[in-house]
$ cat final.txt   # compact mmCIF, C-alpha atoms
# COMPACT_ATOMS: atom_id res chain seq x y z
CA MET A 1 49.26 44.13 7.47
CA VAL A 2 46.41 46.63 7.66
CA PRO A 3 47.24 49.66 9.88
CA THR A 4 45.29 49.96 13.12
CA ASN A 5 44.24 53.48 12.14
CA TYR A 6 42.13 52.11 9.28
CA TYR A 7 40.15 49.90 11.64
CA VAL A 8 39.61 52.74 14.13
CA ILE A 9 38.45 55.09 11.38
CA LEU A 10 36.02 52.47 10.05
CA SER A 11 34.78 51.97 13.60
CA ALA A 12 34.24 55.74 13.96
CA ILE A 13 32.33 55.88 10.65
CA LEU A 14 30.06 52.99 11.66
CA PHE A 15 29.47 54.54 15.10
CA GLY A 16 28.57 57.88 13.47
CA LEU A 17 26.12 56.18 11.12
CA GLY A 18 24.62 54.42 14.14
CA VAL A 19 24.15 57.73 15.96
CA PHE A 20 22.55 59.26 12.87
CA ALA A 21 20.17 56.31 12.49
CA PHE A 22 19.33 56.57 16.20
CA VAL A 23 18.28 60.21 15.81
CA PHE A 24 16.70 60.00 12.37
CA LYS A 25 14.70 56.78 12.35
CA ARG A 26 11.13 56.80 13.67
CA ASN A 27 10.47 53.08 13.98
CA ILE A 28 11.36 51.90 17.47
CA ILE A 29 12.72 48.55 16.22
CA THR A 30 15.06 50.31 13.78
CA ILE A 31 16.21 52.65 16.56
CA PHE A 32 17.01 49.58 18.61
CA MET A 33 18.95 48.11 15.68
CA SER A 34 21.02 51.30 15.39
CA ILE A 35 22.09 50.76 19.03
CA GLU A 36 23.32 47.31 17.98
CA LEU A 37 25.22 48.96 15.10
CA MET A 38 26.98 51.28 17.57
CA LEU A 39 27.88 48.33 19.81
CA ASN A 40 29.36 46.54 16.79
CA ALA A 41 31.44 49.60 15.90
CA VAL A 42 32.86 49.70 19.44
CA ASN A 43 33.63 45.96 19.24
CA LEU A 44 35.64 46.56 16.08
CA ALA A 45 37.74 49.20 17.86
CA PHE A 46 38.26 46.83 20.80
CA VAL A 47 39.58 44.03 18.57
CA ALA A 48 41.74 46.46 16.56
CA PHE A 49 43.43 47.80 19.69
CA SER A 50 43.74 44.28 21.07
CA ARG A 51 45.70 43.33 17.97
CA ALA A 52 47.77 46.52 18.01
CA LEU A 53 48.79 46.07 21.63
CA GLY A 54 49.31 42.32 21.31
CA LYS A 55 47.05 41.63 24.28
CA LEU A 56 43.83 39.62 24.42
CA ASP A 57 41.98 41.79 26.96
CA GLY A 58 40.15 43.61 24.16
CA GLN A 59 38.78 40.38 22.70
CA VAL A 60 37.56 39.26 26.15
CA PHE A 61 35.79 42.61 26.48
CA VAL A 62 34.14 42.03 23.10
CA LEU A 63 32.70 38.77 24.45
CA PHE A 64 31.25 40.62 27.45
CA VAL A 65 29.82 43.33 25.17
CA ILE A 66 28.13 40.64 23.06
CA VAL A 67 26.64 39.02 26.19
CA VAL A 68 25.32 42.36 27.42
CA ALA A 69 23.93 43.11 23.94
CA ALA A 70 22.07 39.80 23.95
CA ALA A 71 20.55 40.54 27.37
CA GLU A 72 19.68 44.06 26.23
CA ALA A 73 18.01 42.74 23.07
CA ALA A 74 15.85 40.33 25.08
CA VAL A 75 14.63 42.99 27.52
CA GLY A 76 14.35 45.72 24.88
CA LEU A 77 12.28 43.62 22.52
CA GLY A 78 9.98 42.73 25.44
CA ILE A 79 9.49 46.46 26.05
CA ILE A 80 8.85 46.98 22.31
CA ILE A 81 6.17 44.27 22.34
CA LEU A 82 4.52 46.04 25.30
CA ILE A 83 4.62 49.40 23.52
CA ALA A 84 3.14 47.89 20.37
CA ARG A 85 0.38 46.25 22.41
CA ASN A 86 -0.54 49.41 24.32
CA ARG A 87 -0.14 51.99 21.54
CA GLN A 88 -1.02 49.90 18.44
CA SER A 89 1.95 51.59 16.74
CA LEU A 90 5.72 51.30 16.52
CA ASN A 91 6.24 54.99 15.80
CA VAL A 92 8.15 56.65 18.64
CA GLU A 93 6.15 59.86 18.15
CA ARG A 94 3.05 58.03 19.33
CA VAL A 95 4.74 57.22 22.62
CA ASP A 96 4.10 60.60 24.21
CA LEU A 97 2.45 59.86 27.55
CA LEU A 98 5.00 61.99 29.43
CA LYS A 99 4.65 64.90 27.01
CA LEU A 100 2.81 68.01 28.21
CA MET B 1 48.46 47.16 -2.52
CA THR B 2 48.74 43.92 -0.59
CA ALA B 3 46.06 41.25 -0.38
CA PRO B 4 45.00 41.96 3.27
CA LEU B 5 44.52 45.62 2.39
CA VAL B 6 42.27 44.71 -0.55
CA VAL B 7 40.21 42.39 1.66
CA PHE B 8 39.98 45.14 4.28
CA PHE B 9 38.69 47.71 1.82
CA VAL B 10 36.13 45.32 0.32
CA LEU B 11 34.79 44.36 3.77
CA ALA B 12 34.87 47.97 5.01
CA ALA B 13 32.91 49.12 1.95
CA LEU B 14 30.41 46.32 2.55
CA ALA B 15 29.99 47.34 6.20
CA ILE B 16 29.53 51.04 5.41
CA LEU B 17 27.08 50.28 2.59
CA GLY B 18 25.12 48.03 4.93
CA ALA B 19 24.98 50.76 7.58
CA LEU B 20 23.84 53.32 4.98
CA SER B 21 21.22 50.86 3.77
CA LEU B 22 19.98 50.47 7.36
CA ILE B 23 19.27 54.22 7.37
CA TRP B 24 17.96 54.33 3.81
CA GLN B 25 15.46 51.45 3.94
CA LYS B 26 11.92 52.32 4.95
CA HIS B 27 10.81 48.86 6.05
CA PRO B 28 12.27 47.52 9.35
CA ILE B 29 12.80 44.03 7.92
CA HIS B 30 15.03 45.47 5.19
CA SER B 31 16.94 47.41 7.85
CA ALA B 32 17.40 44.18 9.83
CA LEU B 33 18.80 42.38 6.77
CA SER B 34 21.18 45.32 6.14
CA LEU B 35 22.39 45.06 9.73
CA ILE B 36 23.13 41.36 9.18
CA VAL B 37 25.32 42.36 6.20
CA VAL B 38 27.24 44.77 8.48
CA MET B 39 27.72 42.07 11.11
CA VAL B 40 28.98 39.46 8.63
CA ALA B 41 31.40 42.00 7.15
CA LEU B 42 32.68 42.78 10.65
CA ALA B 43 33.14 39.04 11.28
CA GLY B 44 35.31 38.94 8.16
CA LEU B 45 37.36 41.84 9.52
CA TYR B 46 37.83 39.98 12.82
CA LEU B 47 39.14 36.99 10.85
CA LEU B 48 41.50 39.34 9.02
CA MET B 49 42.82 40.51 12.38
CA GLY B 50 43.38 36.93 13.52
CA ALA B 51 40.57 36.98 16.10
CA GLU B 52 38.89 33.83 14.87
CA PHE B 53 37.00 33.11 18.10
CA VAL B 54 35.43 36.57 18.16
CA ALA B 55 34.52 36.14 14.48
CA ALA B 56 32.75 32.84 15.20
CA VAL B 57 30.90 34.34 18.18
CA GLN B 58 29.94 37.35 16.06
CA ILE B 59 28.37 35.08 13.42
CA ILE B 60 26.68 32.67 15.85
CA VAL B 61 25.44 35.07 18.54
CA TYR B 62 25.00 38.36 16.70
CA SER B 63 23.87 37.51 13.20
CA GLY B 64 22.50 34.16 14.35
CA ALA B 65 20.65 34.64 17.62
CA ILE B 66 20.13 38.37 18.15
CA MET B 67 19.12 39.23 14.60
CA VAL B 68 16.77 36.23 14.42
CA LEU B 69 15.14 37.64 17.57
CA PHE B 70 14.80 41.01 15.83
CA VAL B 71 13.32 39.52 12.68
CA LEU B 72 10.94 37.41 14.79
CA VAL B 73 9.67 40.48 16.66
CA ILE B 74 9.28 42.45 13.42
CA MET B 75 7.15 39.64 11.97
CA LEU B 76 5.27 39.11 15.26
CA LEU B 77 4.27 42.78 15.44
CA ASN B 78 3.63 42.96 11.69
CA ALA B 79 5.70 46.14 11.51
CA GLY B 80 4.94 48.24 8.45
CA VAL B 81 6.73 51.02 6.61
CA GLU B 82 7.79 53.76 8.99
CA GLU B 83 6.01 57.08 8.75
CA HIS B 84 7.81 60.39 8.81
CA THR B 85 6.14 63.65 9.83
CA SER B 86 7.55 67.04 8.82
CA ILE B 87 8.98 67.51 12.32
CA SER B 88 10.71 64.14 12.26
CA LYS B 89 12.26 64.95 8.87
CA LEU B 90 13.60 68.10 10.54
CA ALA B 91 15.27 65.90 13.17
CA GLY B 92 17.69 64.75 10.48
CA VAL B 93 19.39 68.17 10.46
CA PRO B 94 20.53 68.18 14.12
CA GLY B 95 21.26 64.47 13.73
CA LEU B 96 23.59 65.16 10.81
CA LEU B 97 25.26 68.02 12.72
CA LEU B 98 25.72 65.71 15.72
CA VAL B 99 27.31 63.02 13.55
CA ILE B 100 29.65 65.53 11.88
CA ALA B 101 30.71 66.91 15.28
CA LEU B 102 31.25 63.38 16.60
CA ALA B 103 33.22 62.30 13.51
CA GLY B 104 35.36 65.45 13.74
CA PHE B 105 36.08 64.80 17.40
CA ILE B 106 37.03 61.16 16.76
CA ALA B 107 39.16 62.08 13.73
CA ALA B 108 40.99 64.72 15.78
CA THR B 109 41.62 62.22 18.55
CA ILE B 110 42.92 59.62 16.11
CA ALA B 111 45.13 62.17 14.36
CA ARG B 112 46.60 63.23 17.70
CA SER B 113 47.18 59.71 19.00
CA SER B 114 48.17 57.95 15.79
CA GLU B 115 51.89 58.07 16.57
CA THR B 116 51.46 56.30 19.90
CA VAL B 117 49.16 53.69 18.39
CA GLN B 118 51.55 53.03 15.53
CA ALA B 119 54.57 53.04 17.85
CA VAL B 120 53.40 49.86 19.57
CA MET B 121 54.86 46.99 17.60
CA GLN B 122 52.67 44.28 16.17
CA THR B 123 53.54 41.16 18.09
CA GLY B 124 52.35 38.90 15.30
CA ALA B 125 49.75 36.19 15.51
CA ILE B 126 48.71 35.26 19.03
CA SER B 127 46.81 32.06 19.62
CA SER B 128 43.58 33.83 20.38
CA THR B 129 41.12 31.05 21.28
CA LYS B 130 43.40 29.41 23.83
CA GLY B 131 44.44 32.77 25.25
CA ILE B 132 40.84 33.97 25.51
CA SER B 133 39.73 30.83 27.34
CA ASN B 134 42.65 31.24 29.75
CA MET B 135 41.67 34.84 30.44
CA VAL B 136 37.90 34.27 30.68
CA PHE B 137 38.15 31.35 33.08
CA ARG B 138 41.10 32.64 35.12
CA ASP B 139 41.54 36.41 35.15
CA PHE B 140 37.95 37.39 34.35
CA VAL B 141 36.14 34.55 36.09
CA TYR B 142 34.22 36.83 38.47
CA PRO B 143 32.80 39.09 35.70
CA PHE B 144 32.10 35.93 33.69
CA GLU B 145 29.97 34.49 36.50
CA LEU B 146 28.24 37.86 36.85
CA THR B 147 27.22 37.77 33.18
CA SER B 148 25.38 34.50 33.78
CA PHE B 149 23.46 36.28 36.54
CA LEU B 150 22.78 39.18 34.13
CA ILE B 151 21.37 36.79 31.54
CA LEU B 152 19.15 35.17 34.17
CA VAL B 153 17.79 38.59 35.17
CA ALA B 154 17.26 39.47 31.49
CA ILE B 155 15.32 36.25 30.86
CA MET B 156 13.05 36.89 33.84
CA GLY B 157 12.59 40.53 32.84
CA ALA B 158 11.68 39.62 29.26
CA LEU B 159 9.20 36.99 30.49
CA VAL B 160 7.52 39.41 32.91
CA LEU B 161 7.36 42.17 30.29
CA ALA B 162 6.02 40.09 27.42
CA GLN B 163 3.42 37.99 29.23
CA ARG B 164 -0.23 38.85 28.75
CA GLU B 165 -1.94 40.53 31.65
CA LYS B 166 -4.51 38.36 33.38
CA ASN B 167 -7.87 39.93 33.96

$ encode --input "final.txt" --output "structure tokens"
Amino acid sequence: MVPTNYYVILSAILFGLGVFAFVFKRNIITIFMSIELMLNAVNLAFVAFSRALGKLDGQVFVLFVIVVAAAEAAVGLGIIILIARNRQSLNVERVDLLKL
Amino acid sequence: MTAPLVVFFVLAALAILGALSLIWQKHPIHSALSLIVVMVALAGLYLLMGAEFVAAVQIIVYSGAIMVLFVLVIMLLNAGVEEHTSISKLAGVPGLLLVIALAGFIAATIARSSETVQAVMQTGAISSTKGISNMVFRDFVYPFELTSFLILVAIMGALVLAQREKN
């Protein structure tokens, strides 16, 4: 049996890497993918605690997170297509209309 | 070292390497493929925890549908290698500090709460697919119906956003 702590620590590491990718990457699609990485890390923690507590609520929550992630991906990629069409670039530094 | 522990460490190493590769790769399509590696490794971990339904959904929905959508958009937009300016390279420093602070906070929380987490006894294998269907269609039926509404809104939003403007 693998201790629950190991899963939670792995989840924390993956979430941290997701945050770092979110700040560091410049391509808007990769930034969007790092959000998905963070969602996956949270899902891992949900399932780990679900197993530790012997209840299935955590796994049901994972299903809802996956549904919301799918909806978010559909809308987000639509926005990305719009940005690419209007700016001719996927670099987030080119999206500076609100900048003074 | 028992067999589940070995499997855990192999899959965990795969997931972390995939996440590092997502950051390291310059081309978005390589980042997308790295993310698929992370998701498949996580599906293996779910299987290890006895959550076979979540593992199947992870493979089918995440690495199947969502990542195919990502790869499709990357190819549709013909995304090239990302460009870094000197200022954006500088952004890595506060990013790294942020990650270290976050990891420290999470590690402190885990260290403080590890006794309570470990104190709860493992109740052994629970029949997860049957239990999940009972919960989704009985206890969580109202949120479940709401998610269908959410998906409908998302479909309409994506259609409105991505359609070409008529002149």

$ closest_atom_pairs --input "final.txt" --of "chain A" --to "chain B" --cutoff "8 Å" --atoms "only C-alpha atoms" --output "tab-separated table"
residue	atom	partner	partner_atom	distance
A:Met1	CA	B:Pro4	CA	6.4
A:Val2	CA	B:Leu5	CA	5.7
A:Pro3	CA	B:Gln118	CA	7.9
A:Thr4	CA	B:Gln118	CA	7.4
A:Asn5	CA	B:Ser114	CA	7.0
A:Val8	CA	B:Ile110	CA	7.9
A:Ile9	CA	B:Ala107	CA	7.4
A:Leu10	CA	B:Ala12	CA	6.9
A:Ala12	CA	B:Ala103	CA	6.7
A:Ile13	CA	B:Ala103	CA	7.1
A:Leu14	CA	B:Ile16	CA	6.6
A:Gly16	CA	B:Val99	CA	5.3
A:Leu17	CA	B:Ala19	CA	6.6
A:Gly18	CA	B:Ala19	CA	7.5
A:Val19	CA	B:Val99	CA	6.6
A:Phe20	CA	B:Gly95	CA	5.4
A:Ala21	CA	B:Ile23	CA	5.6
A:Val23	CA	B:Gly95	CA	5.6
A:Phe24	CA	B:Gly92	CA	5.2
A:Lys25	CA	B:Ile23	CA	7.2
A:Arg26	CA	B:Glu82	CA	6.5
A:Asn27	CA	B:Glu82	CA	5.7
A:Ile29	CA	B:Pro28	CA	7.0
A:Thr30	CA	B:Pro28	CA	5.9
A:Met33	CA	B:Ala32	CA	7.2
A:Leu37	CA	B:Leu35	CA	7.2
A:Asn40	CA	B:Met39	CA	7.4
A:Leu44	CA	B:Leu42	CA	7.2
A:Val47	CA	B:Tyr46	CA	7.2
A:Ala48	CA	B:Met49	CA	7.4
A:Arg51	CA	B:Met49	CA	6.9
A:Ala52	CA	B:Gln122	CA	5.7
A:Leu53	CA	B:Val120	CA	6.3
A:Gly54	CA	B:Thr123	CA	5.4
A:Leu56	CA	B:Ile132	CA	6.5
A:Asp57	CA	B:Met135	CA	7.8
A:Gln59	CA	B:Val54	CA	6.8
A:Val60	CA	B:Ile132	CA	6.3
A:Val62	CA	B:Val54	CA	7.5
A:Leu63	CA	B:Val54	CA	7.2
A:Phe64	CA	B:Thr147	CA	7.6
A:Ile66	CA	B:Tyr62	CA	7.4
A:Val67	CA	B:Thr147	CA	7.1
A:Val68	CA	B:Thr147	CA	7.6
A:Ala70	CA	B:Ile66	CA	6.3
A:Ala71	CA	B:Ala154	CA	5.4
A:Glu72	CA	B:Ala154	CA	7.4
A:Ala73	CA	B:Ile66	CA	6.9
A:Ala74	CA	B:Ala158	CA	5.9
A:Val75	CA	B:Ala158	CA	4.8
A:Gly76	CA	B:Ala158	CA	8.0
A:Leu77	CA	B:Val73	CA	7.1
A:Gly78	CA	B:Ala162	CA	5.2
A:Ile79	CA	B:Leu161	CA	6.4
A:Ile81	CA	B:Ala162	CA	6.6
A:Leu82	CA	B:Ala162	CA	6.5
A:Ala84	CA	B:Leu77	CA	7.2
A:Leu90	CA	B:Ala79	CA	7.2
A:Asn91	CA	B:Glu82	CA	7.1

$ atom_distance --input "final.txt" --atom1 "atom CA of B:Ala55" --atom2 "atom CA of B:Leu146"
23.3 Å

$ atom_distance --input "final.txt" --atom1 "atom CA of A:Ala45" --atom2 "atom CA of B:Val10"
18.0 Å

$ closest_residue --input "final.txt" --among "A:Asn43, A:Arg85, A:Leu98, A:Ser50" --to "A:Val65" --atoms "all atoms listed in the file"
A:Asn43
